[in-house]
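> Sharing protein.txt (compact mmCIF, C-alpha atoms) below.
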# COMPACT_ATOMS: atom_id res chain seq x y z
CA MET A 1 -45.45 74.09 143.95
CA LYS A 2 -45.06 77.39 145.80
CA ARG A 3 -46.00 77.28 149.49
CA ALA A 4 -46.77 79.89 152.14
CA PHE A 5 -46.92 79.05 155.83
CA ILE A 6 -49.44 81.04 157.85
CA PHE A 7 -49.86 81.49 161.60
CA PRO A 8 -53.12 82.04 163.51
CA GLY A 9 -54.08 84.92 165.76
CA GLN A 10 -56.05 85.30 168.95
CA GLY A 11 -59.31 83.39 169.30
CA SER A 12 -57.91 79.97 168.38
CA GLN A 13 -56.98 79.16 171.99
CA ALA A 14 -58.91 76.61 174.08
CA VAL A 15 -58.05 74.59 177.18
CA GLY A 16 -56.03 71.56 176.10
CA VAL A 17 -54.29 73.43 173.28
CA GLY A 18 -50.92 71.85 172.52
CA LYS A 19 -51.41 68.97 174.95
CA ASP A 20 -51.52 66.23 172.29
CA LEU A 21 -48.41 67.70 170.63
CA ALA A 22 -46.53 67.60 173.94
CA ALA A 23 -47.60 64.01 174.51
CA ALA A 24 -46.54 62.90 171.03
CA PHE A 25 -43.33 64.80 170.26
CA ALA A 26 -40.20 65.69 172.25
CA PRO A 27 -39.47 68.79 170.09
CA ALA A 28 -42.92 70.17 170.99
CA ARG A 29 -42.25 69.55 174.69
CA ASP A 30 -38.96 71.41 174.34
CA VAL A 31 -40.71 74.46 172.85
CA PHE A 32 -43.27 74.60 175.66
CA ALA A 33 -40.46 74.31 178.23
CA GLU A 34 -38.56 77.13 176.48
CA VAL A 35 -41.61 79.40 176.64
CA ASP A 36 -42.28 78.55 180.30
CA GLU A 37 -38.65 79.36 181.15
CA ALA A 38 -38.66 82.62 179.14
CA LEU A 39 -41.82 83.86 180.88
CA LYS A 40 -40.95 82.44 184.33
CA GLN A 41 -44.52 81.09 184.25
CA ASN A 42 -45.99 77.61 183.87
CA LEU A 43 -47.88 78.67 180.76
CA SER A 44 -47.94 75.12 179.39
CA ARG A 45 -49.89 73.87 182.39
CA LEU A 46 -52.38 76.72 181.92
CA MET A 47 -52.68 75.75 178.24
CA PHE A 48 -53.19 72.06 178.96
CA GLU A 49 -55.41 72.31 182.07
CA GLY A 50 -56.89 75.82 182.24
CA PRO A 51 -58.71 77.55 183.80
CA GLU A 52 -60.12 78.92 180.57
CA ALA A 53 -60.64 82.43 182.00
CA ASP A 54 -56.90 82.73 182.64
CA LEU A 55 -55.92 81.24 179.27
CA THR A 56 -58.12 83.72 177.38
CA LEU A 57 -56.43 86.70 179.06
CA THR A 58 -54.64 88.44 176.20
CA GLU A 59 -51.26 88.32 177.94
CA ASN A 60 -51.53 84.51 178.17
CA ALA A 61 -53.38 83.70 174.94
CA GLN A 62 -50.84 85.49 172.72
CA PRO A 63 -47.66 83.67 173.84
CA ALA A 64 -49.63 80.41 174.14
CA LEU A 65 -50.73 80.49 170.49
CA MET A 66 -47.21 81.36 169.34
CA ALA A 67 -45.90 78.42 171.41
CA VAL A 68 -48.28 75.98 169.70
CA SER A 69 -47.33 77.25 166.23
CA MET A 70 -43.63 76.95 167.04
CA ALA A 71 -44.13 73.50 168.59
CA VAL A 72 -45.60 72.35 165.26
CA MET A 73 -42.79 74.05 163.35
CA ARG A 74 -40.01 72.58 165.51
CA THR A 75 -41.57 69.11 165.26
CA LEU A 76 -41.70 69.35 161.46
CA GLN A 77 -38.03 70.33 161.45
CA LYS A 78 -36.77 67.71 163.92
CA GLU A 79 -39.03 64.80 162.98
CA GLY A 80 -39.24 65.22 159.24
CA GLY A 81 -36.35 67.31 157.98
CA PHE A 82 -38.62 70.23 157.13
CA ASP A 83 -36.64 73.28 156.03
CA LEU A 84 -38.43 76.61 155.80
CA VAL A 85 -36.12 78.07 153.14
CA ARG A 86 -36.49 75.00 150.94
CA HIS A 87 -40.20 74.44 151.48
CA ALA A 88 -41.67 77.95 151.81
CA ALA A 89 -41.73 81.02 149.58
CA PHE A 90 -43.39 83.26 152.20
CA VAL A 91 -44.67 83.30 155.76
CA ALA A 92 -47.48 85.45 157.18
CA GLY A 93 -49.50 85.62 160.37
CA HIS A 94 -52.71 87.24 161.58
CA SER A 95 -52.06 89.89 164.25
CA LEU A 96 -50.07 88.09 166.99
CA GLY A 97 -49.46 85.40 164.34
CA GLU A 98 -47.05 87.82 162.66
CA TYR A 99 -44.72 87.26 165.64
CA SER A 100 -45.07 83.49 165.16
CA ALA A 101 -44.22 83.94 161.46
CA LEU A 102 -41.16 86.01 162.35
CA ALA A 103 -40.04 83.45 164.94
CA ALA A 104 -40.50 80.68 162.37
CA ALA A 105 -38.33 82.67 159.93
CA GLY A 106 -35.63 83.15 162.58
CA THR A 107 -36.09 86.89 163.17
CA PHE A 108 -36.86 86.33 166.86
CA SER A 109 -35.86 83.50 169.15
CA ILE A 110 -38.83 81.62 170.60
CA ALA A 111 -37.98 83.00 174.05
CA ASP A 112 -37.91 86.60 172.78
CA ALA A 113 -41.15 86.11 170.84
CA ALA A 114 -42.82 84.82 174.02
CA ARG A 115 -41.62 87.78 176.08
CA LEU A 116 -42.64 90.28 173.37
CA LEU A 117 -46.12 88.77 173.14
CA LYS A 118 -46.53 88.78 176.93
CA THR A 119 -45.67 92.49 176.88
CA ARG A 120 -47.92 93.09 173.86
CA GLY A 121 -50.87 91.26 175.40
CA ARG A 122 -50.58 93.08 178.71
CA ALA A 123 -50.10 96.47 177.05
CA MET A 124 -53.10 95.96 174.74
CA GLN A 125 -55.25 94.92 177.69
CA GLU A 126 -54.19 97.93 179.78
CA ALA A 127 -54.51 100.49 176.96
CA VAL A 128 -58.29 100.84 177.39
CA PRO A 129 -60.28 100.39 180.62
CA VAL A 130 -62.45 97.26 180.58
CA GLY A 131 -65.90 97.96 179.16
CA GLN A 132 -64.92 101.11 177.26
CA GLY A 133 -63.89 99.43 174.01
CA ALA A 134 -65.42 96.82 171.71
CA MET A 135 -65.03 95.05 168.37
CA ALA A 136 -67.74 93.87 165.99
CA ALA A 137 -67.85 91.74 162.85
CA LEU A 138 -69.73 93.24 159.92
CA LEU A 139 -70.68 90.36 157.64
CA GLY A 140 -71.67 90.97 154.04
CA LEU A 141 -69.93 94.35 153.67
CA ASP A 142 -66.68 94.94 151.79
CA LEU A 143 -63.86 97.03 153.23
CA ASP A 144 -65.08 100.32 151.74
CA GLY A 145 -68.58 99.65 153.04
CA ALA A 146 -67.28 98.85 156.52
CA ARG A 147 -65.11 101.97 156.54
CA ALA A 148 -68.13 104.08 155.62
CA VAL A 149 -70.11 102.53 158.47
CA ALA A 150 -67.25 103.13 160.93
CA GLU A 151 -66.89 106.76 159.83
CA GLU A 152 -70.60 107.42 160.29
CA ALA A 153 -70.65 105.63 163.65
CA ALA A 154 -67.62 107.44 165.12
CA GLN A 155 -69.35 110.76 165.91
CA GLY A 156 -66.23 112.14 167.58
CA GLU A 157 -65.19 108.80 169.06
CA VAL A 158 -62.90 106.10 167.64
CA CYS A 159 -64.42 103.54 165.27
CA ALA A 160 -62.28 102.03 162.52
CA ALA A 161 -61.93 98.98 160.30
CA ALA A 162 -59.51 96.76 162.25
CA ASN A 163 -59.43 93.43 160.40
CA ASP A 164 -60.14 92.93 156.71
CA ASN A 165 -60.36 89.16 157.05
CA ALA A 166 -62.06 88.02 153.85
CA PRO A 167 -64.58 89.28 151.28
CA GLY A 168 -67.66 90.24 153.29
CA GLN A 169 -65.97 89.80 156.68
CA VAL A 170 -64.60 93.02 158.15
CA VAL A 171 -64.15 93.74 161.86
CA VAL A 172 -64.48 97.25 163.30
CA SER A 173 -62.93 98.38 166.56
CA GLY A 174 -63.15 101.40 168.86
CA HIS A 175 -65.16 102.96 171.67
CA LYS A 176 -67.97 100.64 172.76
CA THR A 177 -70.70 103.21 172.14
CA ALA A 178 -69.38 103.93 168.63
CA VAL A 179 -69.08 100.22 167.79
CA GLU A 180 -72.66 99.68 168.99
CA ARG A 181 -73.79 102.47 166.67
CA ALA A 182 -71.92 100.72 163.86
CA LEU A 183 -74.00 97.57 164.43
CA THR A 184 -77.19 99.50 163.76
CA ILE A 185 -75.81 101.49 160.83
CA ALA A 186 -74.35 98.37 159.18
CA LYS A 187 -77.76 96.74 158.98
CA THR A 188 -79.10 99.76 157.10
CA LYS A 189 -76.15 99.56 154.66
CA GLY A 190 -76.75 95.98 153.60
CA ALA A 191 -74.79 93.94 156.14
CA LYS A 192 -76.17 90.39 156.43
CA ARG A 193 -75.18 90.27 160.09
CA ALA A 194 -73.42 92.56 162.54
CA LEU A 195 -72.37 91.22 165.92
CA LEU A 196 -70.18 92.17 168.86
CA LEU A 197 -67.15 89.93 169.33
CA PRO A 198 -66.20 88.40 172.69
CA VAL A 199 -62.90 90.26 173.04
CA SER A 200 -61.43 92.03 176.05
CA ALA A 201 -60.16 95.17 174.29
CA PRO A 202 -60.56 97.15 171.03
CA PHE A 203 -57.53 95.88 169.12
CA HIS A 204 -56.03 97.43 165.97
CA CYS A 205 -57.42 100.93 166.34
CA ALA A 206 -56.17 104.31 167.60
CA LEU A 207 -57.19 103.47 171.18
CA MET A 208 -54.23 101.07 171.26
CA ALA A 209 -51.69 103.96 171.03
CA PRO A 210 -50.34 103.34 174.58
CA ALA A 211 -49.70 99.70 173.64
CA ALA A 212 -47.89 100.80 170.47
CA GLU A 213 -45.56 102.92 172.64
CA ALA A 214 -44.89 99.94 174.90
CA MET A 215 -44.06 97.75 171.90
CA ALA A 216 -41.74 100.39 170.41
CA LYS A 217 -39.69 100.21 173.64
CA ALA A 218 -39.79 96.40 173.82
CA LEU A 219 -38.83 95.95 170.16
CA ALA A 220 -35.97 98.45 170.41
CA ASP A 221 -34.23 96.20 172.95
CA VAL A 222 -34.65 92.79 171.33
CA ALA A 223 -32.17 90.94 169.12
CA MET A 224 -33.50 90.57 165.58
CA HIS A 225 -32.19 88.78 162.50
CA VAL A 226 -33.09 89.06 158.82
CA PRO A 227 -35.91 86.53 158.19
CA ALA A 228 -34.94 83.41 156.28
CA VAL A 229 -37.92 83.91 153.94
CA PRO A 230 -39.96 87.05 153.26
CA VAL A 231 -42.66 87.85 155.82
CA VAL A 232 -45.88 89.44 154.53
CA ALA A 233 -46.65 92.27 156.96
CA ASN A 234 -50.16 92.83 158.29
CA VAL A 235 -50.24 96.59 157.83
CA THR A 236 -48.88 96.71 154.26
CA ALA A 237 -49.88 93.29 152.83
CA GLN A 238 -46.39 93.32 151.28
CA PRO A 239 -43.23 91.34 152.05
CA VAL A 240 -40.67 92.77 154.45
CA ASN A 241 -37.20 91.49 155.29
CA GLU A 242 -35.27 94.52 156.53
CA ILE A 243 -34.97 94.62 160.33
CA GLY A 244 -35.67 98.34 160.76
CA ALA A 245 -38.81 98.03 158.63
CA ILE A 246 -39.98 94.93 160.52
CA ARG A 247 -39.61 96.75 163.85
CA LYS A 248 -41.49 99.82 162.54
CA LEU A 249 -44.33 97.77 161.05
CA LEU A 250 -44.79 95.73 164.25
CA VAL A 251 -45.29 98.98 166.15
CA GLU A 252 -47.73 100.26 163.51
CA GLN A 253 -49.56 96.91 163.61
CA VAL A 254 -50.82 97.57 167.17
CA THR A 255 -53.02 100.46 166.03
CA GLY A 256 -53.22 99.58 162.33
CA ALA A 257 -55.61 97.32 160.46
CA VAL A 258 -54.80 93.67 159.73
CA ARG A 259 -54.96 93.50 155.93
CA TRP A 260 -55.40 89.73 155.75
CA ARG A 261 -57.54 89.61 152.58
CA GLU A 262 -54.94 91.67 150.69
CA SER A 263 -52.09 89.59 152.16
CA VAL A 264 -53.62 86.41 150.74
CA GLU A 265 -54.30 88.15 147.42
CA PHE A 266 -50.61 89.14 147.35
CA LEU A 267 -49.56 85.52 147.93
CA LYS A 268 -51.84 84.39 145.11
CA ALA A 269 -50.37 87.04 142.78
CA GLN A 270 -46.88 85.72 143.60
CA GLY A 271 -47.88 82.26 142.42
CA VAL A 272 -48.44 80.63 145.81
CA THR A 273 -50.57 77.52 145.25
CA VAL A 274 -50.47 75.96 148.75
CA ALA A 275 -51.07 77.66 152.13
CA VAL A 276 -50.39 75.70 155.30
CA GLU A 277 -51.63 76.99 158.67
CA LEU A 278 -49.37 75.94 161.54
CA GLY A 279 -50.78 75.91 165.06
CA ALA A 280 -54.12 75.99 166.84
CA GLY A 281 -57.43 75.98 164.99
CA LYS A 282 -58.31 76.20 161.31
CA VAL A 283 -59.49 79.80 161.01
CA LEU A 284 -56.88 81.07 158.57
CA ALA A 285 -57.13 78.10 156.22
CA GLY A 286 -60.88 78.77 156.05
CA LEU A 287 -60.27 82.45 155.24
CA VAL A 288 -57.77 81.55 152.50
CA LYS A 289 -60.37 79.28 150.88
CA ARG A 290 -62.82 82.20 150.81
CA ILE A 291 -60.29 84.76 149.53
CA ALA A 292 -58.46 82.62 146.97
CA PRO A 293 -60.16 79.27 146.31
CA GLU A 294 -57.36 78.42 143.86
CA ILE A 295 -54.91 78.10 146.78
CA ALA A 296 -54.99 74.66 148.44
CA ALA A 297 -55.26 75.55 152.15
CA SER A 298 -54.84 73.19 155.07
CA SER A 299 -54.13 73.32 158.81
CA ILE A 300 -51.55 71.40 160.81
CA GLY A 301 -52.01 71.32 164.56
CA ALA A 302 -52.52 67.71 165.62
CA PRO A 303 -49.96 64.86 165.62
CA ALA A 304 -51.74 62.98 162.81
CA GLU A 305 -51.79 66.15 160.66
CA ILE A 306 -48.05 66.61 161.19
CA GLU A 307 -47.34 63.02 160.16
CA ALA A 308 -49.59 63.33 157.08
CA PHE A 309 -47.95 66.58 156.01
CA LEU A 310 -44.40 65.24 156.33
CA LYS A 311 -45.31 62.52 153.81
CA THR A 312 -46.05 65.23 151.22
CA LEU A 313 -42.59 66.82 151.35
Could I get this file's structure written as structure tokens?

Amino acid sequence: MKRAFIFPGQGSQAVGVGKDLAAAFAPARDVFAEVDEALKQNLSRLMFEGPEADLTLTENAQPALMAVSMAVMRTLQKEGGFDLVRHAAFVAGHSLGEYSALAAAGTFSIADAARLLKTRGRAMQEAVPVGQGAMAALLGLDLDGARAVAEEAAQGEVCAAANDNAPGQVVVSGHKTAVERALTIAKTKGAKRALLLPVSAPFHCALMAPAAEAMAKALADVAMHVPAVPVVANVTAQPVNEIGAIRKLLVEQVTGAVRWRESVEFLKAQGVTVAVELGAGKVLAGLVKRIAPEIAASSIGAPAEIEAFLKTL
């Protein structure tokens, strides 16, 4: 059996996230305390109690989701003798989840990952004034079809394929007016549905260039270690384990597309037969089932799921 561990991105947060983990497991509590201390912020209370409007702010949602993933990871290690090198062939994460994957593989400390994601979230939010950017899901079009729609919709503005999530599920990102044009054009090109997403900024497109600059500075100053297992990078859909390359690709990731479909296809080609999503929600496991039904995909985020998984090791 060849396993990959995968880590969710933004959108999986909700008030109460991580609360049952903290109640059930001391290692999870320790992770949340580490993140609170690193950020000099009571993020765990915001996660457990809300308000939702504050939790969904990008600068809070990103470190919060990493904290939940790492709370699950640490609990598996401390409660069940889980060992990433022994039990995983690869790790990968969707957008901010790439930082969770790198933290899981030991490239970043949890504290550094939290601080990087706080910086990343704030920089992404500030890169484009509120209301000027948007993202939309084009359902029923493949990547080439979505790119053609984005190109036609741009008309001198930014509109680009931002997330290639699964066959027939591509997200475009850019100026709000261009993305709105893409909604109309997509329907004429055979999209089953095209809808605006409830996001606060146009992630993974050229409008994020100021955020990429901020991350280049932040990543230059942080201690990094060679990952214990190969990390499949979002922007290349290929494994990376050299520190200079990891740093470069994380900067490129801010403006570049998340090649999730290709990342899963790469894992399948490498003989991965099991994909386990660690953290909040079940979005990535669902995408894996659509991309590569041969891979047995599951999600671990609740105490009972942790206990069930440990019995399989």
> May I ask for the distance between atom CA of Val179 of chain A and atom CA of Leu138 of chain A, given in Å to one decimal place?
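Straight-line distance from atom CA of Val179 of chain A to atom CA of Leu138 of chain A works out to 10.5 Å.
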> Show me, as AutoDock Vina command-line options, the centre and edge lengths in Å to one decimal of the axis-aligned box that covers every listed atom of segment 28-31 of chain A with 5 Å on each side.

--center_x -40.9 --center_y 72.0 --center_z 172.8 --size_x 14.0 --size_y 14.9 --size_z 13.7
> Excluding segment 80-96 of chain A and its own-chain neighbours fewer than 5 positions away, which residues fall within 9 Å of it when counting all atoms listed in the file? Please give them as a PyMOL selection string.
chain A and resi 2-10+62-63+65-66+73-75+101-102+104-105+117+120+204+228-234+239+253-254+258-260+263-264+267+272+284+307+310-311+313
> Using only C-alpha atoms, which residues of segment 168-248 of chain A come within 9 Å of segment 129-132 of chain A, and what is the closest atom pair for each, with the distance in Å to one decimal? Give it as JSON lines, sorted by chain and residue number.

{"residue": "A:Gly174", "atom": "CA", "partner": "A:Gln132", "partner_atom": "CA", "distance": 8.6}
{"residue": "A:His175", "atom": "CA", "partner": "A:Gln132", "partner_atom": "CA", "distance": 5.9}
{"residue": "A:Lys176", "atom": "CA", "partner": "A:Gln132", "partner_atom": "CA", "distance": 5.5}
{"residue": "A:Thr177", "atom": "CA", "partner": "A:Gln132", "partner_atom": "CA", "distance": 8.0}
{"residue": "A:Ser200", "atom": "CA", "partner": "A:Val130", "partner_atom": "CA", "distance": 7.0}
{"residue": "A:Ala201", "atom": "CA", "partner": "A:Val130", "partner_atom": "CA", "distance": 7.0}
{"residue": "A:Pro202", "atom": "CA", "partner": "A:Gln132", "partner_atom": "CA", "distance": 8.6}
> Mind giving me the straight-line distance from atom CA of Lys19 of chain A to atom CA of Met47 of chain A in Å, one decimal?
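Separation of atom CA of Lys19 of chain A and atom CA of Met47 of chain A: 7.6 Å.
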> Do you know which residues are at most 7 Å from segment 14-17 of chain A counting all atoms listed in the file, after dropping those on the same chain fewer than 4 positions away, and could you put them as a ChimeraX atom specification?
/A:47-50,52,280
> Write out, as a JSON list (two decimals), in the frame of the given file, the residues just selected, with C-alpha atoms.

[["chain", "number", "residue", "atom", "x", "y", "z"],
["A", 47, "MET", "CA", -52.68, 75.75, 178.24],
["A", 48, "PHE", "CA", -53.19, 72.06, 178.96],
["A", 49, "GLU", "CA", -55.41, 72.31, 182.07],
["A", 50, "GLY", "CA", -56.89, 75.82, 182.24],
["A", 52, "GLU", "CA", -60.12, 78.92, 180.57],
["A", 280, "ALA", "CA", -54.12, 75.99, 166.84]]
> Given all atoms listed in the file as the basis, pick out the residue of A:Leu57, A:Ala194, A:Ala22, A:Cys159 nearest to Leu139 of chain A.
A:Ala194
> Record the distance separating atom CA of Leu21 of chain A and atom CA of Pro227 of chain A, expressed in Å with one decimal.
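Between atom CA of Leu21 of chain A and atom CA of Pro227 of chain A the gap is 25.8 Å.
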> With all atoms listed in the file as the atoms that count, which of A:Ala214, A:Ala150, A:Leu39, A:Leu197 lies nearest to Gln125 of chain A?
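Once distances to Gln125 of chain A are computed over all atoms listed in the file, the minimum belongs to A:Ala214.
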> Out of A:Gly168, A:Gly156, A:Gly140, A:Pro210, which residue has the shortest atom-to-atom distance to Thr188 of chain A when counting all atoms listed in the file?
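That would be A:Gly140, the residue with the smallest distance to Thr188 of chain A.
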> If we count only C-alpha atoms, what is near Arg247 of chain A at a cut-off of 9 Å, once residues fewer than 4 positions away on the same chain are taken out, given as a CSV table (one decimal) with C-alpha atoms, in the frame of the given file?

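That gives us part05.csv:
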chain,number,residue,atom,x,y,z
A,216,ALA,CA,-41.7,100.4,170.4
A,219,LEU,CA,-38.8,96.0,170.2
A,220,ALA,CA,-36.0,98.4,170.4
A,224,MET,CA,-33.5,90.6,165.6
A,242,GLU,CA,-35.3,94.5,156.5
A,243,ILE,CA,-35.0,94.6,160.3
A,251,VAL,CA,-45.3,99.0,166.2
A,252,GLU,CA,-47.7,100.3,163.5
> Counting all atoms listed in the file, note down every residue that has an atom within 12 Å of the point (-43.7, 85.7, 171.5) (file coordinates), as a PyMOL selection string.
chain A and resi 9+31-32+34-36+38-39+59-70+95-104+107-121+218-219+222
> Just add N, CA and C atoms to segment 169-182 of chain A and send it as a compact mmCIF listing (two decimals), in the coordinates of the input.

# COMPACT_ATOMS: atom_id res chain seq x y z
N GLN A 169 -66.21 90.02 155.25
CA GLN A 169 -65.97 89.80 156.68
C GLN A 169 -64.95 90.81 157.17
N VAL A 170 -65.46 91.95 157.64
CA VAL A 170 -64.60 93.02 158.15
C VAL A 170 -64.97 93.27 159.61
N VAL A 171 -63.95 93.47 160.44
CA VAL A 171 -64.15 93.74 161.86
C VAL A 171 -63.85 95.21 162.12
N VAL A 172 -64.74 95.87 162.88
CA VAL A 172 -64.48 97.25 163.30
C VAL A 172 -64.16 97.26 164.79
N SER A 173 -63.43 98.30 165.20
CA SER A 173 -62.93 98.38 166.56
C SER A 173 -62.97 99.83 167.03
N GLY A 174 -63.18 100.03 168.33
CA GLY A 174 -63.15 101.40 168.86
C GLY A 174 -63.89 101.52 170.17
N HIS A 175 -64.36 102.74 170.45
CA HIS A 175 -65.16 102.96 171.67
C HIS A 175 -66.43 102.11 171.60
N LYS A 176 -66.82 101.57 172.74
CA LYS A 176 -67.97 100.64 172.76
C LYS A 176 -69.24 101.30 172.20
N THR A 177 -69.47 102.54 172.60
CA THR A 177 -70.70 103.21 172.14
C THR A 177 -70.68 103.42 170.62
N ALA A 178 -69.50 103.73 170.08
CA ALA A 178 -69.38 103.93 168.63
C ALA A 178 -69.55 102.60 167.89
N VAL A 179 -68.95 101.54 168.43
CA VAL A 179 -69.08 100.22 167.79
C VAL A 179 -70.54 99.76 167.83
N GLU A 180 -71.23 100.04 168.91
CA GLU A 180 -72.66 99.68 168.99
C GLU A 180 -73.48 100.45 167.95
N ARG A 181 -73.11 101.71 167.73
CA ARG A 181 -73.79 102.47 166.67
C ARG A 181 -73.51 101.83 165.31
N ALA A 182 -72.29 101.35 165.13
CA ALA A 182 -71.92 100.72 163.86
C ALA A 182 -72.78 99.49 163.58
